[in-house]
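Undergrad: My structure file run04.cif, mmCIF, C-alpha atoms, is below:
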data_final
loop_
_atom_site.label_atom_id
_atom_site.label_comp_id
_atom_site.auth_asym_id
_atom_site.auth_seq_id
_atom_site.Cartn_x
_atom_site.Cartn_y
_atom_site.Cartn_z
CA MET A 1 -22.96 -19.96 -18.87
CA THR A 2 -20.01 -19.57 -21.23
CA ASP A 3 -21.32 -16.14 -22.21
CA ARG A 4 -21.27 -15.02 -18.61
CA LEU A 5 -17.80 -16.45 -18.15
CA ASP A 6 -16.64 -14.65 -21.30
CA ALA A 7 -18.09 -11.36 -20.04
CA TYR A 8 -16.38 -11.94 -16.70
CA PHE A 9 -12.97 -12.52 -18.22
CA ASP A 10 -13.43 -9.59 -20.63
CA GLY A 11 -13.28 -7.40 -17.55
CA TYR A 12 -9.77 -8.62 -16.91
CA VAL A 13 -8.52 -7.56 -20.34
CA ALA A 14 -8.13 -4.10 -18.77
CA VAL A 15 -6.12 -5.67 -15.94
CA GLY A 16 -3.81 -7.32 -18.45
CA ALA A 17 -3.45 -4.02 -20.33
CA ILE A 18 -2.53 -2.07 -17.20
CA VAL A 19 0.03 -4.71 -16.15
CA VAL A 20 1.65 -4.41 -19.59
CA ALA A 21 1.51 -0.59 -19.25
CA GLY A 22 3.23 -0.87 -15.86
CA LEU A 23 6.01 -3.08 -17.24
CA LEU A 24 6.49 -0.66 -20.16
CA LEU A 25 6.63 2.28 -17.74
CA ALA A 26 9.28 0.62 -15.55
CA THR A 27 11.28 -0.41 -18.62
CA ALA A 28 11.06 3.12 -20.01
CA MET A 29 12.24 4.67 -16.75
CA LEU A 30 15.26 2.37 -16.57
CA GLY A 31 15.84 2.68 -20.34
CA VAL A 32 16.00 6.48 -20.29
CA ASN A 33 18.32 6.22 -17.31
CA ARG A 34 20.54 3.81 -19.29
CA LEU A 35 20.85 6.34 -22.11
CA MET A 36 21.56 9.34 -19.87
CA ARG A 37 23.80 7.97 -17.15
CA PRO A 38 27.58 8.16 -16.92
CA ARG A 39 29.70 5.03 -16.50
CA ALA A 40 32.65 5.43 -14.19
CA ALA A 41 33.39 1.97 -12.86
CA SER A 42 35.64 1.39 -9.87
CA VAL A 43 36.02 -1.56 -7.52
CA ALA A 44 35.49 0.51 -4.36
CA LYS A 45 32.11 1.73 -5.62
CA LEU A 46 30.83 -1.83 -5.97
CA THR A 47 31.62 -2.94 -2.42
CA THR A 48 28.88 -3.30 0.15
CA TYR A 49 28.11 -0.18 2.18
CA GLU A 50 28.93 -0.66 5.83
CA SER A 51 29.16 2.87 7.22
CA GLY A 52 32.53 3.55 5.60
CA VAL A 53 34.59 0.62 6.86
CA ASP A 54 35.39 -2.49 4.80
CA PRO A 55 32.51 -4.98 4.99
CA VAL A 56 32.92 -7.73 7.56
CA GLY A 57 31.77 -11.25 6.63
CA GLN A 58 28.68 -11.64 4.49
CA GLY A 59 25.40 -9.78 4.25
CA TRP A 60 23.38 -12.94 4.71
CA ALA A 61 23.78 -14.24 8.23
CA GLN A 62 21.83 -16.39 10.64
CA SER A 63 19.78 -14.33 13.01
CA THR A 64 17.16 -14.90 15.67
CA VAL A 65 13.79 -14.72 14.07
CA ARG A 66 11.79 -13.66 17.07
CA TYR A 67 8.71 -13.14 15.04
CA TYR A 68 8.31 -16.62 13.58
CA VAL A 69 5.32 -16.99 15.92
CA PHE A 70 3.71 -14.01 14.23
CA ALA A 71 4.18 -15.79 10.91
CA PHE A 72 2.25 -18.83 12.23
CA LEU A 73 -0.52 -16.61 13.56
CA TYR A 74 -0.66 -14.75 10.28
CA VAL A 75 -1.03 -17.89 8.17
CA ILE A 76 -3.91 -19.09 10.36
CA PHE A 77 -5.74 -15.78 10.30
CA ALA A 78 -5.07 -15.06 6.63
CA VAL A 79 -7.00 -18.21 5.69
CA ASP A 80 -9.86 -16.92 7.80
CA ALA A 81 -9.72 -13.53 6.11
CA VAL A 82 -9.95 -15.11 2.65
CA PHE A 83 -13.12 -16.97 3.66
CA LEU A 84 -14.52 -13.76 5.10
CA PHE A 85 -14.84 -11.96 1.75
CA PRO A 86 -17.25 -14.29 -0.10
CA TRP A 87 -19.15 -14.67 3.16
CA ALA A 88 -19.42 -10.88 3.54
CA VAL A 89 -21.17 -10.57 0.16
CA VAL A 90 -23.91 -13.13 0.91
CA LEU A 91 -24.33 -12.35 4.62
CA ASP A 92 -27.40 -10.16 4.06
CA GLU A 93 -29.17 -12.86 1.98
CA ILE A 94 -28.54 -15.83 4.24
CA GLY A 95 -28.90 -13.89 7.47
CA ARG A 96 -28.55 -15.27 10.98
CA ALA A 97 -27.43 -18.80 10.06
CA ALA A 98 -24.41 -17.37 8.21
CA ALA A 99 -23.67 -15.00 11.11
CA VAL A 100 -23.71 -17.86 13.65
CA GLU A 101 -21.46 -20.08 11.54
CA MET A 102 -18.88 -17.35 11.02
CA GLY A 103 -19.20 -16.50 14.71
CA VAL A 104 -18.12 -20.05 15.61
CA PHE A 105 -15.25 -19.92 13.12
CA VAL A 106 -13.94 -16.50 14.21
CA GLY A 107 -14.59 -17.40 17.86
CA ILE A 108 -12.24 -20.40 17.67
CA LEU A 109 -9.55 -18.20 16.12
CA ALA A 110 -10.07 -15.52 18.73
CA ILE A 111 -9.61 -18.14 21.46
CA GLY A 112 -6.39 -19.16 19.75
CA LEU A 113 -5.17 -15.57 19.73
CA GLY A 114 -6.14 -15.23 23.38
CA TYR A 115 -4.20 -18.40 24.21
CA ALA A 116 -1.11 -17.10 22.40
CA TRP A 117 -1.47 -13.83 24.29
CA ARG A 118 -1.75 -15.59 27.68
CA LYS A 119 1.29 -17.74 26.82
CA GLY A 120 3.21 -14.52 26.30
CA VAL A 121 4.37 -15.20 22.74
CA LEU A 122 3.11 -11.80 21.60
CA SER A 123 5.59 -9.86 23.71
CA TRP A 124 9.37 -9.93 23.33
CA THR A 125 11.64 -10.63 26.25
CA MET N 1 -12.32 -1.64 -32.19
CA SER N 2 -13.94 1.00 -30.01
CA GLU N 3 -13.68 -1.38 -27.05
CA VAL N 4 -9.94 -1.70 -27.53
CA ALA N 5 -9.62 2.09 -27.83
CA ASP N 6 -11.70 2.47 -24.68
CA VAL N 7 -9.42 0.15 -22.70
CA LEU N 8 -6.31 1.92 -24.03
CA VAL N 9 -7.60 5.41 -23.23
CA ARG N 10 -8.56 4.34 -19.71
CA CYS N 11 -5.14 2.76 -19.13
CA LEU N 12 -3.50 5.96 -20.40
CA VAL N 13 -5.54 8.09 -17.98
CA VAL N 14 -4.62 5.74 -15.11
CA VAL N 15 -0.93 5.99 -16.04
CA LEU N 16 -1.17 9.80 -16.16
CA ALA N 17 -2.86 9.88 -12.75
CA PHE N 18 -0.16 7.51 -11.49
CA LEU N 19 2.56 9.89 -12.67
CA THR N 20 1.01 13.12 -11.35
CA LEU N 21 -0.90 12.40 -8.12
CA PRO N 22 2.13 10.95 -6.25
CA LEU N 23 4.16 14.03 -7.23
CA LEU N 24 1.42 16.30 -5.88
CA VAL N 25 1.44 14.36 -2.61
CA GLY N 26 5.24 14.58 -2.54
CA GLN N 27 5.16 18.33 -3.04
CA MET N 28 2.47 18.62 -0.35
CA GLU N 29 4.76 16.65 1.97
CA HIS N 30 7.70 19.00 1.24
CA LYS N 31 5.63 22.08 1.96
CA ALA N 32 3.36 20.86 4.79
CA MET N 33 6.25 19.27 6.70
CA ALA N 34 8.38 22.37 6.28
CA HIS N 35 5.72 24.70 7.60
CA MET N 36 4.93 22.38 10.53
CA GLN N 37 8.61 22.52 11.45
CA GLY N 38 8.94 26.29 11.06
CA ARG N 39 10.77 26.08 7.69
CA VAL N 40 9.61 27.09 4.22
CA GLY N 41 10.74 24.03 2.23
CA PRO N 42 11.84 24.21 -1.44
CA MET N 43 11.45 27.74 -2.85
CA ALA N 44 13.75 27.97 -5.88
CA ALA N 45 12.86 25.32 -8.48
CA GLY N 46 10.22 26.56 -10.93
CA GLY N 47 9.97 29.97 -9.33
CA PHE N 48 6.61 29.89 -7.53
CA HIS N 49 7.16 28.31 -4.08
CA GLY N 50 9.41 25.63 -5.56
CA TRP N 51 6.55 23.87 -7.39
CA ALA N 52 8.98 22.14 -9.78
CA GLN N 53 11.23 20.68 -7.06
CA LEU N 54 10.20 17.08 -7.73
CA VAL N 55 10.51 17.55 -11.50
CA ALA N 56 14.05 18.78 -10.92
CA ASP N 57 14.69 15.76 -8.66
CA GLY N 58 13.44 13.50 -11.45
CA VAL N 59 15.77 15.12 -14.00
CA LYS N 60 18.66 14.57 -11.59
CA PHE N 61 17.77 10.93 -10.87
CA VAL N 62 17.61 10.11 -14.60
CA GLN N 63 21.24 11.19 -15.05
CA LYS N 64 22.69 9.23 -12.14
CA GLU N 65 24.95 6.23 -12.41
CA SER N 66 23.46 2.80 -11.76
CA ILE N 67 25.41 0.77 -9.20
CA THR N 68 24.78 -2.86 -8.31
CA PRO N 69 27.05 -4.05 -5.49
CA VAL N 70 29.14 -7.15 -6.24
CA ALA N 71 27.76 -8.86 -3.14
CA ALA N 72 24.13 -8.38 -4.22
CA ASP N 73 21.91 -11.00 -5.82
CA ARG N 74 21.98 -9.12 -9.10
CA ARG N 75 18.67 -10.05 -10.69
CA VAL N 76 16.61 -9.73 -7.49
CA PHE N 77 18.31 -6.44 -6.66
CA GLU N 78 17.62 -4.95 -10.08
CA LEU N 79 14.03 -6.16 -10.36
CA ALA N 80 12.95 -5.06 -6.87
CA PRO N 81 12.09 -1.40 -7.70
CA ALA N 82 9.80 -2.48 -10.54
CA VAL N 83 8.09 -5.03 -8.27
CA ALA N 84 7.53 -2.24 -5.74
CA LEU N 85 6.22 0.24 -8.30
CA VAL N 86 3.98 -1.60 -10.79
CA PRO N 87 1.41 -3.07 -8.32
CA TYR N 88 0.31 0.40 -7.22
CA LEU N 89 -0.36 1.31 -10.85
CA VAL N 90 -2.38 -1.90 -11.21
CA ALA N 91 -4.29 -1.10 -8.01
CA MET N 92 -5.21 2.36 -9.30
CA LEU N 93 -7.02 0.74 -12.23
CA ALA N 94 -9.83 -0.49 -9.97
CA ILE N 95 -10.26 2.62 -7.83
CA PRO N 96 -13.21 4.83 -8.87
CA LEU N 97 -13.05 8.63 -8.79
CA GLY N 98 -16.81 9.08 -9.07
CA PRO N 99 -19.34 10.67 -11.48
CA PHE N 100 -17.71 12.95 -14.04
CA PHE N 101 -20.05 15.77 -15.19
CA GLY N 102 -22.95 13.36 -15.62
CA HIS N 103 -20.96 10.92 -17.79
CA GLY N 104 -21.00 8.01 -15.37
CA VAL N 105 -18.31 6.96 -12.92
CA LEU N 106 -14.72 7.82 -13.77
CA ILE N 107 -12.74 4.60 -13.21
CA GLY N 108 -10.10 2.53 -14.97
CA HIS N 109 -12.23 -0.59 -14.81
CA ASP N 110 -15.03 -1.57 -12.41
CA LEU N 111 -14.02 -5.08 -11.32
CA ASP N 112 -16.47 -7.37 -9.49
CA LEU N 113 -13.72 -8.17 -7.04
CA GLY N 114 -12.42 -4.58 -6.88
CA LEU N 115 -11.75 -4.47 -3.13
CA PHE N 116 -10.08 -7.88 -3.06
CA PHE N 117 -8.06 -7.01 -6.17
CA VAL N 118 -6.74 -3.72 -4.78
CA LEU N 119 -5.77 -5.26 -1.42
CA ALA N 120 -3.97 -8.10 -3.22
CA ALA N 121 -2.09 -5.67 -5.48
CA MET N 122 -1.07 -3.54 -2.50
CA SER N 123 0.51 -6.48 -0.69
CA VAL N 124 2.50 -7.44 -3.80
CA GLY N 125 4.00 -3.95 -3.70
CA VAL N 126 5.51 -4.62 -0.30
CA LEU N 127 7.34 -7.64 -1.77
CA GLY N 128 9.49 -5.20 -3.75
CA THR N 129 10.95 -3.75 -0.57
CA LEU N 130 11.42 -7.27 0.78
CA MET N 131 13.31 -8.26 -2.37
CA GLY N 132 15.50 -5.18 -2.04
CA GLY N 133 16.24 -6.04 1.58
CA LEU N 134 17.14 -9.68 1.06
CA GLY N 135 18.81 -9.20 -2.32
CA SER N 136 21.23 -6.41 -1.45
CA GLY N 137 23.74 -8.58 0.42
CA ASN N 138 24.05 -5.82 2.99
CA LYS N 139 23.54 -6.24 6.74
CA TYR N 140 21.44 -3.10 7.15
CA SER N 141 19.28 -4.13 4.22
CA TYR N 142 18.93 -7.65 5.58
CA ILE N 143 17.73 -6.51 9.02
CA GLY N 144 15.44 -4.00 7.33
CA GLY N 145 14.08 -6.75 5.10
CA MET N 146 13.29 -8.96 8.10
CA ARG N 147 11.44 -6.05 9.67
CA VAL N 148 9.49 -5.47 6.46
CA ALA N 149 8.43 -9.13 6.50
CA ALA N 150 7.30 -8.97 10.13
CA GLN N 151 5.43 -5.74 9.52
CA LEU N 152 3.71 -7.08 6.41
CA MET N 153 2.52 -10.18 8.27
CA SER N 154 1.29 -8.26 11.29
CA TYR N 155 -0.60 -5.47 9.57
CA GLU N 156 -2.03 -7.26 6.55
CA LEU N 157 -4.57 -8.98 8.78
CA PRO N 158 -6.22 -6.02 10.59
CA MET N 159 -6.32 -4.17 7.27
CA VAL N 160 -8.11 -7.00 5.50
CA LEU N 161 -10.53 -7.52 8.41
CA ALA N 162 -11.46 -3.81 8.47
CA ALA N 163 -12.00 -3.87 4.70
CA ALA N 164 -14.16 -7.01 4.98
CA SER N 165 -16.35 -5.20 7.48
CA VAL N 166 -17.21 -2.57 4.85
CA ALA N 167 -17.90 -5.29 2.27
CA MET N 168 -20.38 -6.85 4.72
CA LEU N 169 -22.34 -3.59 5.09
CA ALA N 170 -22.36 -2.92 1.35
CA GLY N 171 -22.97 -6.56 0.33
CA THR N 172 -20.56 -6.25 -2.60
CA LEU N 173 -16.84 -6.26 -3.33
CA SER N 174 -17.07 -3.81 -6.25
CA LEU N 175 -15.59 -0.48 -5.18
CA VAL N 176 -18.20 1.43 -7.19
CA GLY N 177 -20.93 -0.61 -5.50
CA ILE N 178 -19.45 0.05 -2.06
CA ALA N 179 -19.27 3.81 -2.59
CA ASP N 180 -22.80 3.85 -4.02
CA ALA N 181 -24.15 1.95 -1.02
CA PHE N 182 -22.58 4.39 1.43
CA GLU N 183 -24.85 6.00 4.00
CA PRO N 184 -23.75 8.71 6.46
CA TRP N 185 -24.38 6.56 9.59
CA TRP N 186 -21.64 4.21 8.40
CA LEU N 187 -19.15 6.86 9.51
CA LEU N 188 -20.12 6.16 13.11
CA VAL N 189 -20.55 2.36 12.93
CA GLN N 190 -17.32 1.93 10.92
CA LEU N 191 -15.21 4.36 12.94
CA PRO N 192 -13.04 1.66 14.62
CA GLY N 193 -12.62 0.00 11.22
CA LEU N 194 -11.57 3.32 9.70
CA VAL N 195 -8.91 3.85 12.36
CA VAL N 196 -7.64 0.26 12.04
CA PHE N 197 -7.54 0.46 8.25
CA PHE N 198 -5.69 3.78 8.19
CA VAL N 199 -3.12 2.80 10.83
CA ALA N 200 -2.52 -0.62 9.22
CA GLY N 201 -2.19 1.09 5.85
CA LEU N 202 0.47 3.44 7.22
CA ALA N 203 2.36 0.44 8.59
CA GLU N 204 2.08 -1.44 5.31
CA LEU N 205 3.57 1.54 3.46
CA GLN N 206 6.33 1.75 6.11
CA ARG N 207 5.51 5.39 6.62
CA PRO N 208 6.49 7.02 9.92
CA PRO N 209 5.73 6.27 12.74
CA PHE N 210 5.98 2.72 11.30
CA ASP N 211 9.29 3.20 9.49
CA ALA N 212 11.28 0.83 11.72
CA PRO N 213 12.40 -1.10 8.57
CA LEU N 214 14.00 2.07 7.16
CA ALA N 215 14.99 3.68 10.49
CA ASP N 216 17.72 5.97 9.16
CA ALA N 217 19.33 6.43 12.57
CA GLU N 218 20.03 2.71 13.09
CA LEU N 219 19.77 1.00 9.67
CA VAL N 220 20.98 3.79 7.33
CA MET N 221 18.05 3.31 4.90
CA GLY N 222 17.08 -0.30 5.62
CA PRO N 223 16.26 -2.27 2.45
CA LEU N 224 17.04 0.78 0.27
CA THR N 225 20.59 1.29 1.60
CA GLU N 226 22.35 0.05 -1.53
CA TYR N 227 20.01 1.75 -3.99
CA GLY N 228 20.77 5.01 -5.78
CA GLY N 229 19.77 6.89 -8.90
CA MET N 230 16.79 5.74 -10.94
CA ARG N 231 16.08 2.61 -8.91
CA PHE N 232 15.94 4.61 -5.69
CA ALA N 233 13.63 7.10 -7.43
CA MET N 234 11.33 4.22 -8.38
CA PHE N 235 11.13 3.14 -4.73
CA LEU N 236 10.32 6.74 -3.77
CA LEU N 237 7.62 6.99 -6.44
CA ALA N 238 6.20 3.68 -5.20
CA GLU N 239 6.01 5.08 -1.66
CA TYR N 240 4.03 8.13 -2.76
CA ALA N 241 1.86 6.13 -5.14
CA GLY N 242 1.18 3.89 -2.13
CA ILE N 243 0.00 6.91 -0.15
CA VAL N 244 -2.36 7.84 -2.98
CA VAL N 245 -3.75 4.30 -3.19
CA LEU N 246 -4.19 4.07 0.59
CA ALA N 247 -5.88 7.49 0.75
CA ALA N 248 -8.14 6.64 -2.19
CA LEU N 249 -9.12 3.30 -0.69
CA THR N 250 -9.82 4.88 2.71
CA THR N 251 -11.96 7.48 0.94
CA VAL N 252 -13.96 4.99 -1.10
CA LEU N 253 -14.45 2.46 1.70
CA PHE N 254 -15.02 4.62 4.74
CA LEU N 255 -15.58 8.25 3.73
CA GLY N 256 -18.30 7.71 1.17
CA GLY N 257 -16.18 8.19 -1.96
CA TRP N 258 -17.89 10.89 -4.00
CA ALA N 259 -20.73 11.55 -1.52
CA GLY N 260 -21.21 15.33 -1.31
CA PRO N 261 -23.23 18.20 -2.80
CA TRP N 262 -23.71 18.04 -6.62
CA SER N 263 -22.01 14.66 -6.66
CA ASP N 264 -23.64 13.74 -9.99
CA HIS N 265 -21.39 16.26 -11.70
CA LEU N 266 -18.56 16.98 -9.27
CA GLY N 267 -18.25 13.54 -7.65
CA TRP N 268 -14.69 13.11 -8.97
CA ALA N 269 -13.67 16.42 -7.36
CA TRP N 270 -15.07 15.32 -3.99
CA THR N 271 -13.12 12.07 -4.18
CA LEU N 272 -9.91 13.91 -5.08
CA LEU N 273 -10.48 16.40 -2.26
CA LYS N 274 -10.97 13.59 0.28
CA ILE N 275 -7.89 11.79 -1.06
CA ALA N 276 -5.89 14.99 -0.56
CA GLY N 277 -7.26 15.27 2.98
CA VAL N 278 -6.31 11.70 3.92
CA SER N 279 -2.87 12.14 2.30
CA PHE N 280 -2.39 15.21 4.47
CA LEU N 281 -3.12 13.07 7.55
CA VAL N 282 -0.47 10.59 6.39
CA ILE N 283 2.05 13.45 6.20
CA TRP N 284 0.91 14.90 9.51
CA ALA N 285 1.46 11.53 11.22
CA ARG N 286 5.08 11.63 10.04
CA VAL N 287 5.68 14.99 11.71
CA ALA N 288 3.62 14.33 14.84
CA TYR N 289 4.77 10.91 16.09
CA PRO N 290 8.17 9.42 16.89
CA ARG N 291 9.12 6.08 15.32
CA LEU N 292 7.83 2.95 17.08
CA ARG N 293 10.41 0.45 18.31
CA GLU N 294 10.41 -2.86 16.43
CA ASP N 295 8.70 -4.87 19.19
CA GLN N 296 6.13 -2.11 19.72
CA VAL N 297 5.26 -2.32 16.05
CA ASN N 298 4.26 -5.98 16.29
CA VAL N 299 2.59 -5.62 19.69
CA LEU N 300 0.40 -2.77 18.44
CA ALA N 301 -0.79 -4.93 15.55
CA TRP N 302 -1.60 -8.11 17.47
CA LYS N 303 -2.76 -6.72 20.81
CA VAL N 304 -4.65 -3.62 19.67
CA LEU N 305 -5.51 -3.62 15.97
CA VAL N 306 -6.43 -7.31 15.46
CA PRO N 307 -8.81 -7.46 18.47
CA LEU N 308 -10.28 -4.09 17.44
CA ALA N 309 -10.79 -5.33 13.87
CA LEU N 310 -12.41 -8.57 15.11
CA ALA N 311 -14.72 -6.49 17.32
CA GLN N 312 -15.58 -4.32 14.30
CA VAL N 313 -16.43 -7.40 12.22
CA THR N 314 -18.67 -8.68 15.03
CA LEU N 315 -20.41 -5.32 15.39
CA THR N 316 -20.99 -5.08 11.63
CA THR N 317 -22.38 -8.64 11.57
CA LEU N 318 -24.90 -7.69 14.25
CA VAL N 319 -25.86 -4.51 12.38
CA VAL N 320 -26.36 -6.36 9.09
CA VAL N 321 -28.30 -9.29 10.52
CA TRP N 322 -30.61 -7.29 12.77
#
Rewrite the structure of this file - the entire thing - as structure tokens.
TA:
Amino acid sequence: MTDRLDAYFDGYVAVGAIVVAGLLLATAMLGVNRLMRPRAASVAKLTTYESGVDPVGQGWAQSTVRYYVFAFLYVIFAVDAVFLFPWAVVLDEIGRAAAVEMGVFVGILAIGLGYAWRKGVLSWT
Amino acid sequence: MSEVADVLVRCLVVVLAFLTLPLLVGQMEHKAMAHMQGRVGPMAAGGFHGWAQLVADGVKFVQKESITPVAADRRVFELAPAVALVPYLVAMLAIPLGPFFGHGVLIGHDLDLGLFFVLAAMSVGVLGTLMGGLGSGNKYSYIGGMRVAAQLMSYELPMVLAAASVAMLAGTLSLVGIADAFEPWWLLVQLPGLVVFFVAGLAELQRPPFDAPLADAELVMGPLTEYGGMRFAMFLLAEYAGIVVLAALTTVLFLGGWAGPWSDHLGWAWTLLKIAGVSFLVIWARVAYPRLREDQVNVLAWKVLVPLALAQVTLTTLVVVW
């Protein structure tokens, strides 16, 4: 069992290596830039861009998040999607029983989506 | 020792592919878009049809000043381009190019969970744009960032469902296994899934017609408004690397990967050819369709793509079980 686990994690050595390679690449890009770039500081340059006029108020403001409902829907369905992957791999072996069980699960979610649709939360007013 | 060398060489090849393929797609975009619009595009740099235009752009970007606005959340703002860029490199590790002159499959590393891994890496990439949007302290960036978040939430789901449908047919999550299991009739059965996956992928990359977060006419450049120089170049590279990853994933999942004549030897060339074809479609979509309005973006996802993807999963279940 430990041998199989070891073999499994050995596969992810390559993943670790490529993540390190990616960090090195990003560091190198910014490092070369640091060596080559001019420095001409001025206060005006560091102000927030607001189409040429002086910035009004702050960049972070309260705003209507019309799509918070989408966020709820997403969280619900994303859980479903995560379960779907392991199920997809064994579907052929287990057969109809697995299909029926997932059918019930997805069916309940589909009814939920249908309900949200009927309630009109999917369209903006 | 040889194992370590093997891993290092493979990583190096992946990095090289990561640095060249996006540039090729970028050059194709310059030229294809220009000709579709009755222009000729870059002609000067490098001499032959402006082939070195993006190299010249890179040389320019390297020499540009780095500016972080006072109002920005400094660390988030400066890290964002790297967060956008690195995940696509990581994703490329698990994508197979196919048999290479009879020497087995050309791939960074064949992970058991390849499909799951690549999808996960792709969604991390979007977080970079989100960080840029919320960290810039700029109103345009902030609105753009909110739109990125909404788009990510809406399109992640149909994309994952369409991908799961392929995993069900193939009975594996390894990308090599999926491409090996491919049979031509899948093209027909998986057609709705293919459309959903491609459209959702476009939206996830914020490519036109799904570029409401960037929307230059209303939001200047959305989350990227405050970026310039090298950091902006990294966001650009991430966008084109994203196109490559999306095209490669579409190819491997839905178009049979390296399936084609003499695939034992030239499989890698078939995969690259199909990737180029799908990338061309991505560019074509930018020229052909106007930008969707923000509410249309979300409505398309939840009222069209999600039901379509659920129908595809149901259809595939029936096909597999019977």
Undergrad: Report as an MDAnalysis selection string the set of chain N residues whose atoms approach chain A to within 7 Å, with distances computed over only C-alpha atoms.
TA: chainID N and resid 7 11 62:65 67:71 82 86 89:90 109 111 137:139 142 150 153:154 157 160:161 164 167:168 171:172 226 230 295 299 317 320:321
Undergrad: State, in Å with one decimal place, the distance from atom CA of Gly102 of chain N to atom CA of Thr271 of chain N.
TA: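 Answer for the atom CA of Gly102 of chain N to atom CA of Thr271 of chain N separation: 15.1 Å.
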Undergrad: Just the residues within 7 Å of segment 277-280 of chain N, please, counting all atoms listed in the file, with nothing from its chain fewer than 4 positions along; format it as an mmCIF file with C-alpha atoms, in the frame of the given file.
TA:
data_model
loop_
_atom_site.group_PDB
_atom_site.id
_atom_site.type_symbol
_atom_site.label_atom_id
_atom_site.label_comp_id
_atom_site.auth_asym_id
_atom_site.auth_seq_id
_atom_site.Cartn_x
_atom_site.Cartn_y
_atom_site.Cartn_z
ATOM 1 C CA VAL N 25 1.440 14.360 -2.610
ATOM 2 C CA ILE N 243 0.000 6.910 -0.150
ATOM 3 C CA VAL N 244 -2.360 7.840 -2.980
ATOM 4 C CA ALA N 247 -5.880 7.490 0.750
ATOM 5 C CA LEU N 273 -10.480 16.400 -2.260
ATOM 6 C CA TRP N 284 0.910 14.900 9.510
#
Undergrad: If I take atom CA of Ser165 of chain N and atom CA of Asp110 of chain N, how far is one from the other in Å, to one decimal?
TA: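 Atom CA of Ser165 of chain N sits 20.3 Å away from atom CA of Asp110 of chain N.
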Undergrad: Counting all atoms listed in the file, what is within 9 Å of Val124 of chain N, bar same-chain residues fewer than 6 positions away, as a list in words?
TA: Val83, Ala84, Pro87 and Tyr88 of chain N
